[in-house]
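**Student:** So here's my_file-v6.cif (mmCIF, C-alpha atoms).
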```cif
data_coords
loop_
_atom_site.label_atom_id
_atom_site.label_comp_id
_atom_site.auth_asym_id
_atom_site.auth_seq_id
_atom_site.Cartn_x
_atom_site.Cartn_y
_atom_site.Cartn_z
CA MET D 1 119.26 124.91 68.85
CA LYS D 2 116.09 126.92 69.48
CA ASN D 3 114.10 123.71 70.07
CA ILE D 4 116.69 122.46 72.54
CA PHE D 5 116.58 125.78 74.40
CA THR D 6 112.77 125.66 74.57
CA TYR D 7 112.92 122.06 75.78
CA LEU D 8 115.34 123.01 78.57
CA ILE D 9 113.07 125.85 79.70
CA ILE D 10 110.10 123.47 79.86
CA ILE D 11 112.14 120.94 81.82
CA CYS D 12 113.20 123.71 84.21
CA PHE D 13 109.61 124.82 84.85
CA ILE D 14 108.48 121.22 85.37
CA SER D 15 111.32 120.64 87.81
CA ILE D 16 110.43 123.77 89.79
CA ALA D 17 106.75 122.78 89.88
CA PHE D 18 107.60 119.32 91.22
CA ALA D 19 110.01 120.84 93.74
CA GLN D 20 107.29 123.18 95.00
CA LYS D 21 104.81 120.33 95.39
CA ASP D 22 107.45 118.23 97.10
CA LEU D 23 108.35 120.94 99.63
CA LEU D 24 105.01 122.44 100.76
CA GLN D 25 102.66 120.39 102.93
CA SER D 26 100.08 123.01 103.91
CA GLY D 27 99.66 126.75 104.15
CA PRO D 28 100.88 129.35 104.14
CA MET D 29 98.39 130.68 106.68
CA VAL D 30 98.14 134.30 107.82
CA GLY D 31 97.95 134.59 111.61
CA TYR D 32 97.42 137.49 113.99
CA SER D 33 97.76 141.12 112.92
CA GLN D 34 99.15 144.00 114.93
CA MET D 35 100.28 147.47 113.87
CA ARG D 36 103.97 146.52 113.92
CA GLU D 37 103.96 142.79 113.16
CA VAL D 38 102.01 139.98 111.50
CA ALA D 39 102.37 136.21 111.99
CA LEU D 40 102.82 133.91 108.97
CA TRP D 41 102.55 130.12 109.36
CA VAL D 42 103.65 127.32 107.05
CA GLN D 43 104.20 123.57 107.06
CA ALA D 44 106.88 121.98 104.87
CA THR D 45 107.23 118.30 103.99
CA LYS D 46 110.83 117.86 105.18
CA PRO D 47 113.66 119.71 106.91
CA ALA D 48 113.94 122.97 105.00
CA ASP D 49 114.82 126.63 105.27
CA VAL D 50 111.68 128.76 104.98
CA TYR D 51 111.10 132.50 104.82
CA PHE D 52 108.72 135.06 103.37
CA ILE D 53 109.29 138.04 101.09
CA TYR D 54 106.62 140.73 101.40
CA TRP D 55 105.89 144.20 100.03
CA ASP D 56 103.37 147.03 100.21
CA LYS D 57 100.71 146.19 97.65
CA ASN D 58 100.88 149.76 96.35
CA ASN D 59 104.68 149.90 96.29
CA PRO D 60 105.97 146.50 95.14
CA SER D 61 109.44 147.76 94.25
CA VAL D 62 110.49 147.82 97.94
CA GLN D 63 110.60 144.33 99.42
CA TYR D 64 111.20 142.99 102.90
CA GLN D 65 112.13 139.55 104.24
CA THR D 66 111.39 137.65 107.41
CA TYR D 67 114.21 135.81 109.12
CA VAL D 68 115.01 132.32 107.83
CA VAL D 69 113.79 129.37 109.93
CA GLU D 70 114.63 125.71 109.58
CA THR D 71 111.76 123.24 109.94
CA TYR D 72 112.21 120.08 112.02
CA PRO D 73 110.55 116.64 112.03
CA GLU D 74 109.64 116.82 115.73
CA ASP D 75 107.37 119.79 114.91
CA TYR D 76 106.06 118.12 111.75
CA TYR D 77 108.02 120.69 109.72
CA MET D 78 105.79 123.61 110.67
CA THR D 79 106.80 127.03 111.88
CA THR D 80 105.46 130.54 112.46
CA LEU D 81 107.48 133.51 111.21
CA ILE D 82 106.99 137.19 111.99
CA ALA D 83 106.77 139.95 109.41
CA ASP D 84 108.12 142.80 111.54
CA LEU D 85 109.26 145.37 108.97
CA VAL D 86 105.75 146.68 108.53
CA GLU D 87 103.86 149.91 109.11
CA PRO D 88 100.27 150.37 110.38
CA GLY D 89 97.28 150.31 108.07
CA ILE D 90 98.92 148.76 104.99
CA THR D 91 97.96 145.76 102.88
CA TYR D 92 100.99 143.66 101.96
CA GLU D 93 101.43 140.93 99.38
CA TYR D 94 103.84 138.11 100.14
CA GLN D 95 105.62 135.11 98.66
CA LEU D 96 106.81 132.00 100.45
CA TYR D 97 110.28 130.59 99.83
CA ILE D 98 111.35 127.07 100.76
CA ASN D 99 115.04 126.26 100.28
CA ASP D 100 115.27 129.49 98.26
CA ILE D 101 112.64 128.22 95.81
CA PRO D 102 109.71 130.66 95.36
CA ILE D 103 106.43 128.82 95.93
CA GLU D 104 103.92 129.92 93.31
CA LEU D 105 100.29 129.94 94.52
CA ASN D 106 97.25 130.56 92.34
CA TYR D 107 95.27 132.64 94.84
CA ARG D 108 95.55 135.91 96.79
CA THR D 109 98.47 135.96 99.19
CA GLU D 110 97.95 139.05 101.32
CA PHE D 111 98.01 140.28 104.88
CA GLN D 112 97.25 143.62 106.51
CA THR D 113 98.43 145.54 109.54
CA GLN D 114 96.10 147.21 112.00
CA LYS D 115 95.38 150.85 111.24
CA LEU D 116 96.54 153.65 113.56
CA TRP D 117 93.20 155.46 113.71
CA GLN D 118 93.10 156.48 117.40
CA TRP D 119 92.99 160.27 117.98
CA ARG D 120 93.12 160.78 114.21
CA GLU D 121 89.91 159.63 112.55
CA ASP D 122 86.91 157.34 112.90
CA PRO D 123 87.75 153.66 113.32
CA PRO D 124 87.86 151.73 110.06
CA SER D 125 85.09 149.43 108.89
CA PHE D 126 85.92 145.73 108.79
CA LYS D 127 84.38 142.34 108.07
CA PHE D 128 85.13 139.00 109.68
CA GLY D 129 83.90 135.44 109.42
CA ILE D 130 83.08 132.88 112.11
CA GLY D 131 82.54 129.15 111.98
CA SER D 132 83.10 125.86 113.78
CA CYS D 133 82.99 122.09 113.35
CA ALA D 134 85.23 121.36 110.34
CA TYR D 135 85.30 117.62 109.68
CA ILE D 136 87.71 116.41 106.99
CA ASN D 137 86.98 112.84 105.87
CA GLU D 138 89.63 110.10 105.97
CA THR D 139 87.84 106.86 105.16
CA ILE D 140 90.19 104.43 106.87
CA TYR D 141 89.81 106.21 110.22
CA ASP D 142 86.24 107.54 109.93
CA ARG D 143 83.24 105.93 111.54
CA PRO D 144 81.59 103.35 109.22
CA GLY D 145 78.70 104.35 106.99
CA GLU D 146 77.92 107.58 105.19
CA PRO D 147 80.82 110.08 105.33
CA TYR D 148 80.33 112.52 108.21
CA GLY D 149 82.00 115.45 106.47
CA GLY D 150 80.64 117.17 103.40
CA LYS D 151 80.35 120.39 101.35
CA HIS D 152 84.02 121.20 101.77
CA HIS D 153 83.64 123.83 99.06
CA ILE D 154 82.43 126.07 101.90
CA PHE D 155 86.11 127.03 102.35
CA LYS D 156 86.18 128.31 98.76
CA THR D 157 82.96 130.24 99.42
CA ILE D 158 84.52 131.93 102.46
CA TYR D 159 87.62 132.78 100.43
CA GLU D 160 85.46 134.42 97.75
CA LYS D 161 83.63 136.52 100.39
CA ALA D 162 87.07 137.89 101.38
CA PRO D 163 86.63 138.83 105.06
CA ASP D 164 89.53 140.58 106.78
CA PHE D 165 89.89 137.67 109.19
CA PHE D 166 88.22 134.44 110.29
CA VAL D 167 87.57 133.21 113.84
CA TRP D 168 87.60 129.43 114.27
CA MET D 169 85.31 128.71 117.23
CA GLY D 170 86.24 125.13 118.03
CA ASP D 171 86.10 121.61 116.61
CA ASN D 172 88.45 122.96 113.97
CA SER D 173 89.59 119.35 113.49
CA TYR D 174 88.07 116.09 114.67
CA LEU D 175 90.53 113.86 116.49
CA ARG D 176 89.63 110.18 116.11
CA GLU D 177 90.15 107.09 118.27
CA VAL D 178 93.56 106.47 116.64
CA ASP D 179 94.64 110.03 117.46
CA TRP D 180 93.61 110.90 121.01
CA HIS D 181 96.29 109.16 123.03
CA SER D 182 99.55 109.94 121.21
CA ARG D 183 101.40 113.01 120.03
CA THR D 184 101.94 111.25 116.70
CA GLY D 185 98.22 110.64 116.22
CA ILE D 186 97.31 114.22 117.11
CA LEU D 187 99.88 115.76 114.75
CA LYS D 188 99.03 113.36 111.93
CA ARG D 189 95.34 114.27 112.20
CA LEU D 190 96.00 117.99 112.15
CA THR D 191 98.40 117.63 109.22
CA HIS D 192 95.82 115.68 107.25
CA ASP D 193 93.07 118.22 107.91
CA ARG D 194 95.15 121.37 107.39
CA SER D 195 96.33 119.99 104.01
CA HIS D 196 92.89 119.88 102.39
CA PRO D 197 93.31 121.57 98.97
CA LEU D 198 90.08 123.60 99.18
CA LEU D 199 91.24 125.12 102.45
CA GLN D 200 94.52 126.58 101.20
CA PRO D 201 93.25 129.81 99.53
CA MET D 202 91.27 130.69 102.65
CA LEU D 203 94.30 130.11 104.88
CA GLY D 204 96.61 132.25 102.80
CA SER D 205 94.44 135.28 102.04
CA MET D 206 92.97 136.41 105.38
CA HIS D 207 94.00 136.47 109.04
CA HIS D 208 93.06 133.57 111.33
CA TYR D 209 92.37 133.31 115.05
CA ALA D 210 91.16 130.21 116.91
CA THR D 211 89.92 128.66 120.10
CA TRP D 212 89.02 125.01 120.57
CA ASP D 213 86.19 122.73 121.66
CA ASP D 214 86.05 119.04 122.55
CA HIS D 215 87.03 117.44 119.21
CA ASP D 216 90.29 119.35 118.75
CA TYR D 217 90.97 119.22 122.50
CA GLY D 218 90.36 115.48 122.95
CA PRO D 219 87.55 112.90 122.74
CA ASN D 220 83.88 113.80 122.38
CA ASN D 221 82.58 115.75 125.41
CA SER D 222 86.08 115.85 126.90
CA ASP D 223 86.84 117.83 130.05
CA ARG D 224 89.64 118.73 132.46
CA SER D 225 90.29 115.05 133.19
CA PHE D 226 91.66 114.34 129.70
CA TRP D 227 95.14 113.04 130.44
CA ALA D 228 96.70 114.17 127.12
CA LYS D 229 95.53 117.77 127.15
CA HIS D 230 99.17 118.86 127.39
CA LEU D 231 99.70 117.21 123.98
CA THR D 232 96.72 118.85 122.32
CA ARG D 233 97.71 122.21 123.82
CA GLU D 234 101.17 121.82 122.32
CA ALA D 235 99.60 120.91 118.97
CA PHE D 236 97.27 123.93 119.16
CA GLN D 237 100.27 126.22 119.70
CA LEU D 238 102.03 124.68 116.71
CA TRP D 239 98.97 124.92 114.45
CA TRP D 240 97.50 128.33 115.24
CA ALA D 241 99.35 131.65 115.06
CA ASN D 242 97.38 133.32 117.86
CA PRO D 243 98.64 136.37 119.79
CA SER D 244 98.99 134.22 122.94
CA TYR D 245 98.05 130.89 124.51
CA GLY D 246 96.53 131.35 127.94
CA VAL D 247 95.62 134.52 129.84
CA PRO D 248 96.73 135.90 133.22
CA GLY D 249 95.59 133.54 135.96
CA ALA D 250 94.61 130.82 133.46
CA GLU D 251 97.94 130.08 131.78
CA GLU D 252 97.28 126.34 131.50
CA GLY D 253 94.65 126.92 128.80
CA ILE D 254 94.68 128.46 125.33
CA ALA D 255 92.46 131.54 125.79
CA THR D 256 93.60 134.72 124.08
CA TYR D 257 92.58 138.30 123.28
CA PHE D 258 92.90 140.57 120.31
CA GLU D 259 91.53 143.84 118.96
CA TRP D 260 90.48 144.78 115.46
CA ALA D 261 89.86 148.48 114.85
CA ASP D 262 87.78 149.55 117.87
CA CYS D 263 86.34 146.11 118.71
CA ALA D 264 87.57 143.55 121.24
CA PHE D 265 87.66 139.76 120.96
CA PHE D 266 87.89 137.43 123.94
CA LEU D 267 88.60 133.84 122.81
CA MET D 268 87.80 131.58 125.75
CA ASP D 269 88.85 128.01 126.60
CA ASP D 270 85.80 125.88 127.50
CA ARG D 271 87.64 122.55 127.96
CA THR D 272 90.83 122.83 130.02
CA TYR D 273 88.98 123.71 133.26
CA ARG D 274 85.65 121.98 132.53
CA THR D 275 84.13 119.78 135.26
CA PRO D 276 83.39 116.20 134.09
CA GLU D 277 79.79 115.79 132.97
CA HIS D 278 78.82 113.23 135.61
CA ARG D 279 80.51 114.84 138.63
CA HIS D 280 77.72 116.48 140.60
CA HIS D 281 79.17 116.67 144.12
CA THR D 282 81.72 119.33 143.36
CA LYS D 283 81.78 122.86 142.02
CA ARG D 284 80.65 122.70 138.40
CA GLU D 285 82.66 124.88 136.04
CA MET D 286 83.00 125.30 132.29
CA LEU D 287 85.47 128.17 132.12
CA GLY D 288 86.78 128.02 135.66
CA GLU D 289 86.99 130.75 138.29
CA ASP D 290 90.34 132.19 137.22
CA GLN D 291 89.39 132.46 133.55
CA ILE D 292 85.98 133.97 134.45
CA GLU D 293 87.62 136.63 136.61
CA TRP D 294 90.11 137.49 133.86
CA LEU D 295 87.22 137.83 131.39
CA LEU D 296 85.25 140.10 133.71
CA ASP D 297 88.33 142.22 134.43
CA ALA D 298 89.09 142.54 130.72
CA LEU D 299 85.49 143.31 129.80
CA THR D 300 85.22 146.08 132.38
CA ALA D 301 88.53 147.58 131.20
CA SER D 302 87.43 147.64 127.56
CA TYR D 303 85.84 150.65 125.83
CA ALA D 304 85.06 148.65 122.69
CA PRO D 305 81.56 149.26 121.28
CA PHE D 306 81.27 145.54 120.55
CA LYS D 307 82.93 143.03 122.88
CA PHE D 308 82.85 139.62 121.20
CA VAL D 309 83.14 136.72 123.65
CA VAL D 310 84.01 133.56 121.69
CA ILE D 311 83.26 130.20 123.34
CA GLY D 312 83.16 126.74 121.77
CA SER D 313 79.99 125.75 123.65
CA THR D 314 76.71 127.63 123.33
CA VAL D 315 75.95 130.09 126.11
CA LEU D 316 72.52 131.73 126.18
CA ASN D 317 70.18 128.88 125.16
CA PRO D 318 68.19 128.07 128.34
CA ASP D 319 67.72 124.44 127.22
CA PRO D 320 70.16 122.33 129.31
CA LEU D 321 70.37 119.46 126.79
CA GLY D 322 73.69 118.98 125.03
CA GLU D 323 76.88 120.67 126.17
CA ASN D 324 75.68 124.24 126.51
CA TYR D 325 76.37 126.58 129.42
CA SER D 326 72.99 125.84 131.03
CA ASN D 327 74.54 122.61 132.36
CA PHE D 328 76.76 124.80 134.55
CA PRO D 329 74.03 127.05 135.99
CA ASP D 330 75.94 128.60 138.89
CA GLU D 331 78.88 129.70 136.76
CA LYS D 332 76.68 130.83 133.87
CA ASN D 333 74.42 132.84 136.16
CA TYR D 334 77.43 134.42 137.87
CA LEU D 335 78.95 135.51 134.55
CA LEU D 336 75.71 136.99 133.22
CA GLU D 337 74.84 138.64 136.54
CA MET D 338 78.28 140.24 136.79
CA ILE D 339 78.04 141.55 133.21
CA GLU D 340 74.82 143.24 134.32
CA LYS D 341 76.03 144.42 137.75
CA GLU D 342 79.27 145.83 136.34
CA LYS D 343 77.22 147.57 133.60
CA ILE D 344 79.42 146.20 130.83
CA ASN D 345 78.27 147.47 127.45
CA GLY D 346 78.34 145.81 124.07
CA VAL D 347 78.72 142.12 124.95
CA ILE D 348 77.94 139.65 122.15
CA PHE D 349 78.62 135.92 122.34
CA LEU D 350 79.96 134.00 119.33
CA THR D 351 79.66 130.22 119.62
CA GLY D 352 79.68 126.92 117.74
CA ASP D 353 79.43 123.20 118.59
CA ILE D 354 75.74 122.38 118.07
CA HIS D 355 75.75 121.70 114.30
CA ARG D 356 73.12 124.27 113.44
CA GLY D 357 73.16 128.01 112.92
CA GLU D 358 71.00 130.52 114.82
CA LEU D 359 70.76 133.84 116.62
CA THR D 360 69.75 133.76 120.29
CA LYS D 361 68.41 136.76 122.19
CA ILE D 362 67.89 137.02 125.96
CA GLU D 363 65.89 139.98 127.26
CA ARG D 364 67.06 141.46 130.58
CA GLU D 365 64.82 143.58 132.79
CA ASN D 366 67.50 146.02 133.91
CA SER D 367 69.80 146.10 130.92
CA TYR D 368 70.09 145.67 127.16
CA PRO D 369 69.35 142.27 125.55
CA LEU D 370 72.18 139.77 125.23
CA TYR D 371 72.79 138.22 121.79
CA GLU D 372 74.57 135.06 120.71
CA VAL D 373 75.52 134.16 117.13
CA THR D 374 75.97 130.41 116.68
CA ALA D 375 77.67 129.29 113.45
CA SER D 376 77.98 125.51 113.11
CA PRO D 377 78.88 123.29 111.29
CA LEU D 378 81.32 124.21 108.55
CA THR D 379 81.66 120.69 107.10
CA ALA D 380 80.64 118.24 109.88
CA GLY D 381 77.24 116.53 109.94
CA VAL D 382 74.13 118.65 110.45
CA SER D 383 72.02 118.15 113.58
CA ARG D 384 68.22 118.09 113.42
CA TYR D 385 67.84 118.94 117.08
CA ASP D 386 66.57 122.53 117.34
CA GLN D 387 65.22 123.26 120.84
CA ASN D 388 65.87 126.88 121.83
CA ILE D 389 63.01 129.03 123.06
CA ALA D 390 65.25 132.13 122.94
CA ARG D 391 66.06 131.83 119.23
CA VAL D 392 65.27 134.87 117.09
CA GLU D 393 62.55 133.83 114.68
CA GLY D 394 63.73 133.03 111.19
CA THR D 395 67.39 132.43 112.08
CA LEU D 396 67.48 128.62 112.37
CA VAL D 397 69.76 127.08 109.72
CA HIS D 398 69.87 123.28 109.41
CA ASP D 399 72.71 123.21 106.90
CA ARG D 400 76.46 123.70 106.74
CA ASN D 401 77.05 127.37 107.38
CA PHE D 402 79.27 130.27 108.40
CA ALA D 403 78.53 133.86 109.40
CA LEU D 404 79.99 137.15 108.27
CA LEU D 405 79.90 140.10 110.66
CA GLU D 406 80.61 143.61 109.43
CA VAL D 407 81.25 146.64 111.63
CA THR D 408 80.71 150.05 110.02
CA GLY D 409 79.92 153.66 110.89
CA PRO D 410 81.52 156.52 112.80
CA ARG D 411 82.90 156.31 116.32
CA LYS D 412 80.15 156.14 118.99
CA ASP D 413 77.62 155.15 116.33
CA ARG D 414 78.96 151.83 115.10
CA THR D 415 76.66 149.30 113.45
CA LEU D 416 77.08 145.53 113.41
CA ASN D 417 75.50 143.62 110.53
CA ILE D 418 75.34 139.84 110.86
CA LYS D 419 74.70 137.58 107.87
CA MET D 420 74.59 133.80 107.83
CA TYR D 421 75.46 131.91 104.64
CA ASP D 422 75.27 128.31 103.54
CA ALA D 423 78.12 126.46 101.84
CA ASP D 424 77.05 127.72 98.40
CA GLY D 425 77.15 131.36 99.52
CA ASN D 426 73.39 131.85 99.76
CA GLU D 427 72.36 134.34 102.44
CA ARG D 428 70.05 132.61 104.94
CA TRP D 429 69.35 135.52 107.28
CA SER D 430 70.57 138.97 108.24
CA TYR D 431 70.36 141.00 111.45
CA SER D 432 71.69 144.44 112.41
CA LEU D 433 72.52 146.08 115.75
CA ASN D 434 73.73 149.55 116.64
CA GLU D 435 76.19 149.92 119.49
CA ASN D 436 73.75 152.24 121.28
CA GLU D 437 71.24 149.38 121.52
CA LEU D 438 73.77 147.54 123.73
CA LYS D 439 74.44 150.20 126.32
CA VAL D 440 73.64 150.92 129.94
CA ASN D 441 74.53 153.96 132.00
CA ARG D 442 77.78 153.03 133.80
CA GLU D 443 77.63 155.98 136.22
#
```
Represent the structure from my file as structure tokens, please.
**Tutor:**
Amino acid sequence: MKNIFTYLIIICFISIAFAQKDLLQSGPMVGYSQMREVALWVQATKPADVYFIYWDKNNPSVQYQTYVVETYPEDYYMTTLIADLVEPGITYEYQLYINDIPIELNYRTEFQTQKLWQWREDPPSFKFGIGSCAYINETIYDRPGEPYGGKHHIFKTIYEKAPDFFVWMGDNSYLREVDWHSRTGILKRLTHDRSHPLLQPMLGSMHHYATWDDHDYGPNNSDRSFWAKHLTREAFQLWWANPSYGVPGAEEGIATYFEWADCAFFLMDDRTYRTPEHRHHTKREMLGEDQIEWLLDALTASYAPFKFVVIGSTVLNPDPLGENYSNFPDEKNYLLEMIEKEKINGVIFLTGDIHRGELTKIERENSYPLYEVTASPLTAGVSRYDQNIARVEGTLVHDRNFALLEVTGPRKDRTLNIKMYDADGNERWSYSLNENELKVNRE
């Protein structure tokens, strides 16, 4: 009888394990964080009822539940749920349930709410990661020859570094020829890429924010003329649990804004309003007038010591080759001139796209220097092109990479430390800035 009982228990565990594998396609992924709510994303394999149970890490006896949502085939069985029974400044653990079956995961499953520090104490320290250009191989649809993607263990390395959140700066997937022109192709590509096993611990253990660049927006070098941008925008909304999609005056795009502690993040859309590359007898724009004016308004309204402007294309490199902002000189000059004229403090650009890592610094006669951290690629091919006369010496990385940025120190004396790592977790360079180095007198 004892042997039969043991056998039944084993069969039960095996059945549950197969049920879990059969129900979960990708995720869970932790999305945006606010003081009173956090977004949690998941993709099932079939129509199913999904929900999350979560609890204060230091008080696991009291548990909370999100509402129950049914997944549908037209959305590729994905959904975003909201954990809204939370309090500020707490780290929560969570468990995913699909059809009332608890999904057991062998990695950290945590999220955190923003801390209520204002008027009470110094802002908290925090650490975040940035990266771009994540190519996931699929032989049948890849270009012939040597696989373009590689060193996918970089996702495991990022997970082990345990930043509070990660900012995806574009080319987060690479749509292929079979994908560009149909909703089915776009959603199949994103499902394939999001399901990579090495990516799952990173998705489920830290918060994620994203903007896009050409390869997850459309074809290579794509612009405002791409006829299916309404399909990729819909897919972006399904795939990323951002605070919003579009900003006032530029609602057609996917730009968004968020704060972490005392810092501000402006995630810009460099594709929806972009002038085609070979149109020269028209106003040439990368971000577009409405989005630029929103950015300038928001920057001037912000008191953040560091204002991180995230753009898929590189910004400060004066070399006009490639897709950088120097190919749109009037708009670029206007943005940089207005940052100076409006005496906006603390601006730092975070960019991707160019398949190399580096730090760029532009000296300004009447203001503080402007800096740009470029982290690219995560897993796509590495470029050997390296022209940039404004690069800080010793910061060129011709390898798969990501950067970690850490903000520490008391209010009005915050320090930003930037470190770039390769896929194996080796530090390639480090650079520090104090907020008072990025200030002008606004009076």
**Student:** Would you write out, as a Markdown table, a table of all residues in range 159-275 of chain D that have an atom no more than 12 Å from an atom of range 106-121 of chain D, listing for each the closest atom pair and the distance in Å to one decimal, considering all atoms listed in the file and ordering rows by chain and rising residue number?
**Tutor:**
```
| residue | atom | partner | partner_atom | distance |
| --- | --- | --- | --- | --- |
| D:Tyr159 | CA | D:Arg108 | CA | 9.3 |
| D:Glu160 | CA | D:Arg108 | CA | 10.2 |
| D:Ala162 | CA | D:Arg108 | CA | 9.8 |
| D:Pro163 | CA | D:Phe111 | CA | 11.5 |
| D:Asp164 | CA | D:Gln112 | CA | 8.3 |
| D:Phe165 | CA | D:Phe111 | CA | 9.6 |
| D:Pro197 | CA | D:Asn106 | CA | 11.8 |
| D:Leu198 | CA | D:Tyr107 | CA | 11.3 |
| D:Leu199 | CA | D:Tyr107 | CA | 11.4 |
| D:Gln200 | CA | D:Tyr107 | CA | 8.8 |
| D:Pro201 | CA | D:Tyr107 | CA | 5.8 |
| D:Met202 | CA | D:Arg108 | CA | 8.9 |
| D:Leu203 | CA | D:Thr109 | CA | 9.2 |
| D:Gly204 | CA | D:Thr109 | CA | 5.5 |
| D:Ser205 | CA | D:Thr109 | CA | 5.0 |
| D:Met206 | CA | D:Phe111 | CA | 6.4 |
| D:His207 | CA | D:Phe111 | CA | 6.9 |
| D:His208 | CA | D:Phe111 | CA | 10.5 |
| D:Phe258 | CA | D:Gln114 | CA | 11.1 |
| D:Glu259 | CA | D:Gln114 | CA | 9.0 |
| D:Trp260 | CA | D:Gln114 | CA | 7.0 |
| D:Ala261 | CA | D:Gln114 | CA | 7.0 |
| D:Asp262 | CA | D:Gln118 | CA | 8.7 |
| D:Cys263 | CA | D:Gln114 | CA | 11.9 |
```
**Student:** Given all atoms listed in the file as the basis, pick out the residue of D:Ile53, D:Met338, D:Val247, D:Leu405 nearest to Lys127 in chain D.
**Tutor:**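 Selected residue with least distance to Lys127 in chain D: D:Leu405.
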**Student:** Check what the PyMOL selection byres ((chain D and resi 266) around 10) selects in the file above and give those residues as a list of chain:residue names.
**Tutor:** D:Thr211, D:Ala255, D:Thr256, D:Tyr257, D:Phe258, D:Glu259, D:Ala264, D:Phe265, D:Leu267, D:Met268, D:Asp269, D:Leu295, D:Ala298, D:Leu299, D:Lys307, D:Phe308, D:Val309, D:Val310, D:Ile311, D:Phe349, D:Leu350
**Student:** Could you work out how far CA of Asn417 in chain D lies from CA of Tyr303 in chain D, giving the answer in Å with one decimal?
**Tutor:**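 A separation of 19.8 Å between them.
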**Student:** Do a neighbour search on Gly357 in chain D at 8 Å with all atoms listed in the file, toss out local chain neighbours closer than 3 positions, and write the hits as a ChimeraX atom specification.
**Tutor:** /D:373-377,395-399,401-402,420
**Student:** Have a look at CA of Leu404 in chain D and CA of Gly131 in chain D and let me know their distance in Å, one decimal.
**Tutor:**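 One can read the CA of Leu404 in chain D to CA of Gly131 in chain D distance as 9.2 Å.
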**Student:** From the list D:Asp22, D:Asp171, D:Asp216, D:Asp75, which residue is nearest Ile103 in chain D when using only C-alpha atoms?
**Tutor:**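 Counting only C-alpha atoms, the residue closest to Ile103 in chain D is D:Asp22.
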**Student:** Starting from the displayed file, determine the output of the PyMOL selection byres ((chain D and resi 175) around 12) and express the residue list as a ChimeraX atom specification.
**Tutor:** /D:133-138,141-143,171-174,176-193,212-220,222,232,235
**Student:** When you draw a straight line from CA of Ser383 in chain D to CA of Ile354 in chain D, how long is it in Å?
**Tutor:**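 Value for the CA of Ser383 in chain D-CA of Ile354 in chain D distance: 7.2 Å.
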